[in-house]
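Asker: structure31.cif is reproduced in full below (mmCIF, C-alpha atoms and all ligand atoms; chains and numbers go by the auth columns).
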```
data_final
#
loop_
_atom_site.group_PDB
_atom_site.id
_atom_site.type_symbol
_atom_site.label_atom_id
_atom_site.label_comp_id
_atom_site.label_asym_id
_atom_site.label_seq_id
_atom_site.Cartn_x
_atom_site.Cartn_y
_atom_site.Cartn_z
_atom_site.B_iso_or_equiv
_atom_site.auth_seq_id
_atom_site.auth_asym_id
ATOM 1 C CA MET A 1 -4.331 37.984 11.221 0.00 1172 A
ATOM 2 C CA THR A 2 -7.447 35.902 11.578 0.00 1173 A
ATOM 3 C CA TYR A 3 -7.656 35.670 7.822 0.00 1174 A
ATOM 4 C CA VAL A 4 -4.089 34.425 7.558 0.00 1175 A
ATOM 5 C CA ARG A 5 -4.719 31.814 10.224 0.00 1176 A
ATOM 6 C CA LEU A 6 -7.859 30.583 8.511 0.00 1177 A
ATOM 7 C CA THR A 7 -6.062 30.321 5.189 0.00 1178 A
ATOM 8 C CA LEU A 8 -3.308 28.336 6.831 0.00 1179 A
ATOM 9 C CA MET A 9 -5.815 25.967 8.421 0.00 1180 A
ATOM 10 C CA LEU A 10 -7.653 25.496 5.165 0.00 1181 A
ATOM 11 C CA GLY A 11 -4.365 24.819 3.460 0.00 1182 A
ATOM 12 C CA LEU A 12 -3.506 22.193 6.026 0.00 1183 A
ATOM 13 C CA ALA A 13 -6.931 20.606 5.671 0.00 1184 A
ATOM 14 C CA ALA A 14 -6.460 20.427 1.911 0.00 1185 A
ATOM 15 C CA LEU A 15 -3.046 18.882 2.394 0.00 1186 A
ATOM 16 C CA THR A 16 -4.410 16.270 4.746 0.00 1187 A
ATOM 17 C CA ALA A 17 -7.229 15.487 2.340 0.00 1188 A
ATOM 18 C CA ALA A 18 -4.726 15.061 -0.456 0.00 1189 A
ATOM 19 C CA CYS A 19 -2.718 12.720 1.721 0.00 1190 A
ATOM 20 C CA ASN A 20 -5.698 10.549 2.538 0.00 1191 A
ATOM 21 C CA LYS A 21 -6.665 10.433 -1.098 0.00 1192 A
ATOM 22 C CA LYS A 22 -3.246 9.189 -1.999 0.00 1193 A
ATOM 23 C CA VAL A 23 -3.388 6.292 0.447 0.00 1194 A
ATOM 24 C CA GLU A 24 -6.777 5.181 -0.791 0.00 1195 A
ATOM 25 C CA THR A 25 -5.935 4.780 -4.431 0.00 1196 A
ATOM 26 C CA PRO A 26 -8.707 3.591 -6.756 0.00 1197 A
ATOM 27 C CA THR A 27 -7.124 0.151 -6.901 0.00 1198 A
ATOM 28 C CA ALA A 28 -6.908 -0.152 -3.119 0.00 1199 A
ATOM 29 C CA ALA A 29 -10.505 0.786 -2.347 0.00 1200 A
ATOM 30 C CA PRO A 30 -12.339 -2.046 -4.101 0.00 1201 A
ATOM 31 C CA THR A 31 -9.827 -4.607 -2.933 0.00 1202 A
ATOM 32 C CA SER A 32 -10.087 -3.628 0.734 0.00 1203 A
ATOM 33 C CA ARG A 33 -13.853 -3.994 0.425 0.00 1204 A
ATOM 34 C CA ALA A 34 -13.309 -7.434 -1.004 0.00 1205 A
ATOM 35 C CA MET A 35 -11.046 -8.234 1.909 0.00 1206 A
ATOM 36 C CA SER A 36 -13.591 -7.139 4.517 0.00 1207 A
ATOM 37 C CA ALA A 37 -16.285 -9.094 2.742 0.00 1208 A
ATOM 38 C CA ASN A 38 -13.959 -12.021 2.968 0.00 1209 A
ATOM 39 C CA GLY A 39 -13.516 -11.221 6.634 0.00 1210 A
ATOM 40 C CA SER A 40 -9.946 -12.343 6.848 0.00 1211 A
ATOM 41 C CA MET A 41 -7.829 -9.250 6.344 0.00 1212 A
ATOM 42 C CA ALA A 42 -9.682 -6.911 8.696 0.00 1213 A
ATOM 43 C CA THR A 43 -9.910 -9.304 11.627 0.00 1214 A
ATOM 44 C CA GLU A 44 -6.420 -10.644 11.248 0.00 1215 A
ATOM 45 C CA ALA A 45 -4.965 -7.184 10.882 0.00 1216 A
ATOM 46 C CA SER A 46 -6.766 -5.329 13.644 0.00 1217 A
ATOM 47 C CA ALA A 47 -4.619 -7.271 16.088 0.00 1218 A
ATOM 48 C CA ALA A 48 -2.374 -4.268 15.374 0.00 1219 A
ATOM 49 C CA ASN A 49 0.907 -6.117 15.282 0.00 1220 A
ATOM 50 C CA THR A 50 3.158 -6.267 12.293 0.00 1221 A
ATOM 51 C CA ILE A 51 3.176 -9.393 10.181 0.00 1222 A
ATOM 52 C CA ASP A 52 6.134 -10.320 8.042 0.00 1223 A
ATOM 53 C CA ALA A 53 5.134 -12.034 4.854 0.00 1224 A
ATOM 54 C CA ARG A 54 6.402 -12.965 1.411 0.00 1225 A
ATOM 55 C CA GLY A 55 4.366 -12.561 -1.731 0.00 1226 A
ATOM 56 C CA HIS A 56 4.458 -13.261 -5.436 0.00 1227 A
ATOM 57 C CA GLY A 57 2.826 -11.144 -8.081 0.00 1228 A
ATOM 58 C CA THR A 58 3.051 -8.671 -10.924 0.00 1229 A
ATOM 59 C CA VAL A 59 3.860 -4.963 -10.717 0.00 1230 A
ATOM 60 C CA THR A 60 0.893 -2.994 -12.091 0.00 1231 A
ATOM 61 C CA ALA A 61 1.891 0.563 -11.102 0.00 1232 A
ATOM 62 C CA ILE A 62 4.799 2.447 -9.559 0.00 1233 A
ATOM 63 C CA ASP A 63 4.668 5.884 -7.956 0.00 1234 A
ATOM 64 C CA LYS A 64 8.287 6.782 -7.295 0.00 1235 A
ATOM 65 C CA THR A 65 7.612 10.269 -5.924 0.00 1236 A
ATOM 66 C CA GLY A 66 4.748 9.062 -3.738 0.00 1237 A
ATOM 67 C CA GLY A 67 6.679 6.002 -2.588 0.00 1238 A
ATOM 68 C CA MET A 68 3.994 3.521 -3.592 0.00 1239 A
ATOM 69 C CA ILE A 69 3.977 0.337 -5.602 0.00 1240 A
ATOM 70 C CA THR A 70 0.847 -1.491 -6.780 0.00 1241 A
ATOM 71 C CA LEU A 71 1.060 -5.244 -7.007 0.00 1242 A
ATOM 72 C CA LYS A 72 -1.349 -7.802 -8.342 0.00 1243 A
ATOM 73 C CA HIS A 73 -0.399 -10.431 -5.825 0.00 1244 A
ATOM 74 C CA GLU A 74 -1.238 -14.055 -5.199 0.00 1245 A
ATOM 75 C CA ALA A 75 -2.773 -15.121 -1.900 0.00 1246 A
ATOM 76 C CA ILE A 76 -0.597 -14.377 1.135 0.00 1247 A
ATOM 77 C CA PRO A 77 -1.355 -17.066 3.740 0.00 1248 A
ATOM 78 C CA GLU A 78 0.713 -15.374 6.501 0.00 1249 A
ATOM 79 C CA ALA A 79 -1.725 -12.454 6.451 0.00 1250 A
ATOM 80 C CA ASN A 80 -4.789 -14.447 5.446 0.00 1251 A
ATOM 81 C CA TRP A 81 -5.095 -12.341 2.284 0.00 1252 A
ATOM 82 C CA PRO A 82 -6.724 -13.626 -0.867 0.00 1253 A
ATOM 83 C CA ALA A 83 -5.197 -12.777 -4.239 0.00 1254 A
ATOM 84 C CA MET A 84 -5.796 -9.129 -5.123 0.00 1255 A
ATOM 85 C CA THR A 85 -4.385 -5.947 -6.565 0.00 1256 A
ATOM 86 C CA MET A 86 -3.352 -3.339 -4.035 0.00 1257 A
ATOM 87 C CA ALA A 87 -0.967 -0.486 -3.375 0.00 1258 A
ATOM 88 C CA PHE A 88 1.849 -0.746 -0.858 0.00 1259 A
ATOM 89 C CA LYS A 89 4.232 1.772 0.649 0.00 1260 A
ATOM 90 C CA ALA A 90 7.677 1.311 -0.824 0.00 1261 A
ATOM 91 C CA ALA A 91 11.094 2.889 -0.364 0.00 1262 A
ATOM 92 C CA PRO A 92 13.050 4.136 -3.409 0.00 1263 A
ATOM 93 C CA ALA A 93 15.191 0.979 -3.303 0.00 1264 A
ATOM 94 C CA VAL A 94 11.989 -0.934 -4.099 0.00 1265 A
ATOM 95 C CA THR A 95 10.284 1.434 -6.560 0.00 1266 A
ATOM 96 C CA HIS A 96 13.493 1.789 -8.563 0.00 1267 A
ATOM 97 C CA ALA A 97 14.294 -1.921 -8.646 0.00 1268 A
ATOM 98 C CA VAL A 98 11.439 -3.026 -10.905 0.00 1269 A
ATOM 99 C CA VAL A 99 9.218 -1.798 -13.723 0.00 1270 A
ATOM 100 C CA VAL A 100 5.513 -2.207 -14.476 0.00 1271 A
ATOM 101 C CA GLY A 101 4.860 -5.685 -15.824 0.00 1272 A
ATOM 102 C CA ASP A 102 7.651 -7.399 -13.896 0.00 1273 A
ATOM 103 C CA LYS A 103 6.786 -10.666 -12.182 0.00 1274 A
ATOM 104 C CA VAL A 104 8.196 -10.353 -8.687 0.00 1275 A
ATOM 105 C CA THR A 105 8.752 -11.937 -5.315 0.00 1276 A
ATOM 106 C CA PHE A 106 8.540 -9.450 -2.466 0.00 1277 A
ATOM 107 C CA ASP A 107 8.815 -9.173 1.295 0.00 1278 A
ATOM 108 C CA LEU A 108 6.123 -7.332 3.202 0.00 1279 A
ATOM 109 C CA LYS A 109 5.595 -5.783 6.573 0.00 1280 A
ATOM 110 C CA ILE A 110 1.845 -5.773 7.079 0.00 1281 A
ATOM 111 C CA LYS A 111 0.131 -3.532 9.589 0.00 1282 A
ATOM 112 C CA GLY A 112 -3.643 -3.366 9.626 0.00 1283 A
ATOM 113 C CA SER A 113 -5.024 -3.486 6.124 0.00 1284 A
ATOM 114 C CA SER A 114 -1.964 -1.848 4.591 0.00 1285 A
ATOM 115 C CA GLY A 115 1.583 -2.908 4.113 0.00 1286 A
ATOM 116 C CA GLU A 116 5.029 -1.887 3.062 0.00 1287 A
ATOM 117 C CA VAL A 117 7.150 -3.722 0.545 0.00 1288 A
ATOM 118 C CA THR A 118 10.565 -3.960 2.181 0.00 1289 A
ATOM 119 C CA SER A 119 12.341 -5.788 -0.617 0.00 1290 A
ATOM 120 C CA ILE A 120 11.504 -6.956 -4.108 0.00 1291 A
ATOM 121 C CA HIS A 121 13.091 -9.217 -6.707 0.00 1292 A
ATOM 122 C CA LYS A 122 12.220 -10.078 -10.276 0.00 1293 A
ATOM 123 C CA GLN A 123 11.186 -13.690 -10.601 0.00 1294 A
HETATM 124 CU CU CU B . -3.470 -7.470 -0.617 0.00 1301 B
#
```
Please go through the file and, once you have read it, give me the structure as C-alpha cells.

Answerer:
Amino acid sequence: MTYVRLTLMLGLAALTAACNKKVETPTAAPTSRAMSANGSMATEASAANTIDARGHGTVTAIDKTGGMITLKHEAIPEANWPAMTMAFKAAPAVTHAVVVGDKVTFDLKIKGSSGEVTSIHKQ
C-alpha cells in the first residue's frame, strides 16, 4: 500500500515537472531573462491584471498537441515588451490557422510574463 502511494506521488511529481518544463521552453527562458534585464515586462506584469494587446511577428514554432505557438514578435507597447521570440498558449483555432514562417498579426491576453494568443491572422 505504502509502495503504491509512493509510486503514485512520484508519478505526479514527474508529471508536474514535465508540465513546468513545457512552459519554460528553451526559447522562452532566454527571452524572459532579457525582459527582466530590461525591467519592463516583470514590473508591468506583476500588477497581475490581464492586458489586451495586439502584436505583429513571424511564427517560428507550433505545438498543436501542447497548445503552444512561438512567435518572433515586434515590440508590444501595450505590455511594454521589447521585440523578442517567445512561446504563447494558443487554442487549436490559433495553432491550426497558421504555419511556421507565416507573418502574422495576433491578439494577446497577457498575464504576468506569459500570454495567450486569442486570435491570429496572416499578414
Ligand atoms: Cu514577448

Asker: Around ligand CU 1301 (chain B), at most 7 Å away and counting all atoms listed in the file, which residues are there? Put them as a list in words, please.

Answerer: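 So, counting all atoms listed in the file, the residues near ligand CU 1301 (chain B) are His1244, Trp1252, Pro1253, Ala1254, Met1255, Thr1256 and Met1257 of chain A.
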
Asker: Given the PyMOL selection byres (((chain A and resi 1289) around 9) and not hetatm) and the file above, list the residues it selects as a list in words.

Answerer: Lys1260, Ala1261, Ala1262, Ala1264, Val1265, Phe1277, Asp1278, Leu1279, Lys1280, Glu1287, Val1288, Ser1290 and Ile1291 of chain A

Asker: Can I get the selection written as a compact mmCIF listing (two decimals), in the frame of the given file, with C-alpha atoms?

Answerer:
```
# COMPACT_ATOMS: atom_id res chain seq x y z
CA LYS A 1260 4.23 1.77 0.65
CA ALA A 1261 7.68 1.31 -0.82
CA ALA A 1262 11.09 2.89 -0.36
CA ALA A 1264 15.19 0.98 -3.30
CA VAL A 1265 11.99 -0.93 -4.10
CA PHE A 1277 8.54 -9.45 -2.47
CA ASP A 1278 8.82 -9.17 1.30
CA LEU A 1279 6.12 -7.33 3.20
CA LYS A 1280 5.60 -5.78 6.57
CA GLU A 1287 5.03 -1.89 3.06
CA VAL A 1288 7.15 -3.72 0.55
CA SER A 1290 12.34 -5.79 -0.62
CA ILE A 1291 11.50 -6.96 -4.11
```

Asker: Between CA of Thr1221 (chain A) and CA of Ile1281 (chain A), what is the spacing in Å?

Answerer: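 CA of Thr1221 (chain A) lies at a distance of 5.4 Å from CA of Ile1281 (chain A).
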
Asker: Which residues are near Thr1241 (chain A)? Cut-off 10 Å, only C-alpha atoms, ignore same chain within fewer than 2 positions. Put them as a PyMOL selection string.

Answerer: chain A and resi 1196+1198-1199+1228-1234+1239+1243-1244+1256-1261+1266+1271+1288

Asker: Pick from A:Ile1222, A:Ser1285, A:Lys1293, A:Pro1263: nearest to Thr1236 (chain A), with only C-alpha atoms counted?

Answerer: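 Result for the nearest residue to Thr1236 (chain A): A:Pro1263.
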
Asker: Work out how far apart CA of Thr1276 (chain A) and CA of Arg1225 (chain A) are and give it in Å to one decimal.

Answerer: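 These two atoms are separated by 7.2 Å.
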
Asker: In Å to one decimal, how far is CA of His1267 (chain A) from CA of Pro1248 (chain A)?

Answerer: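 Result for CA of Pro1248 (chain A) versus CA of His1267 (chain A): 27.0 Å, one decimal.
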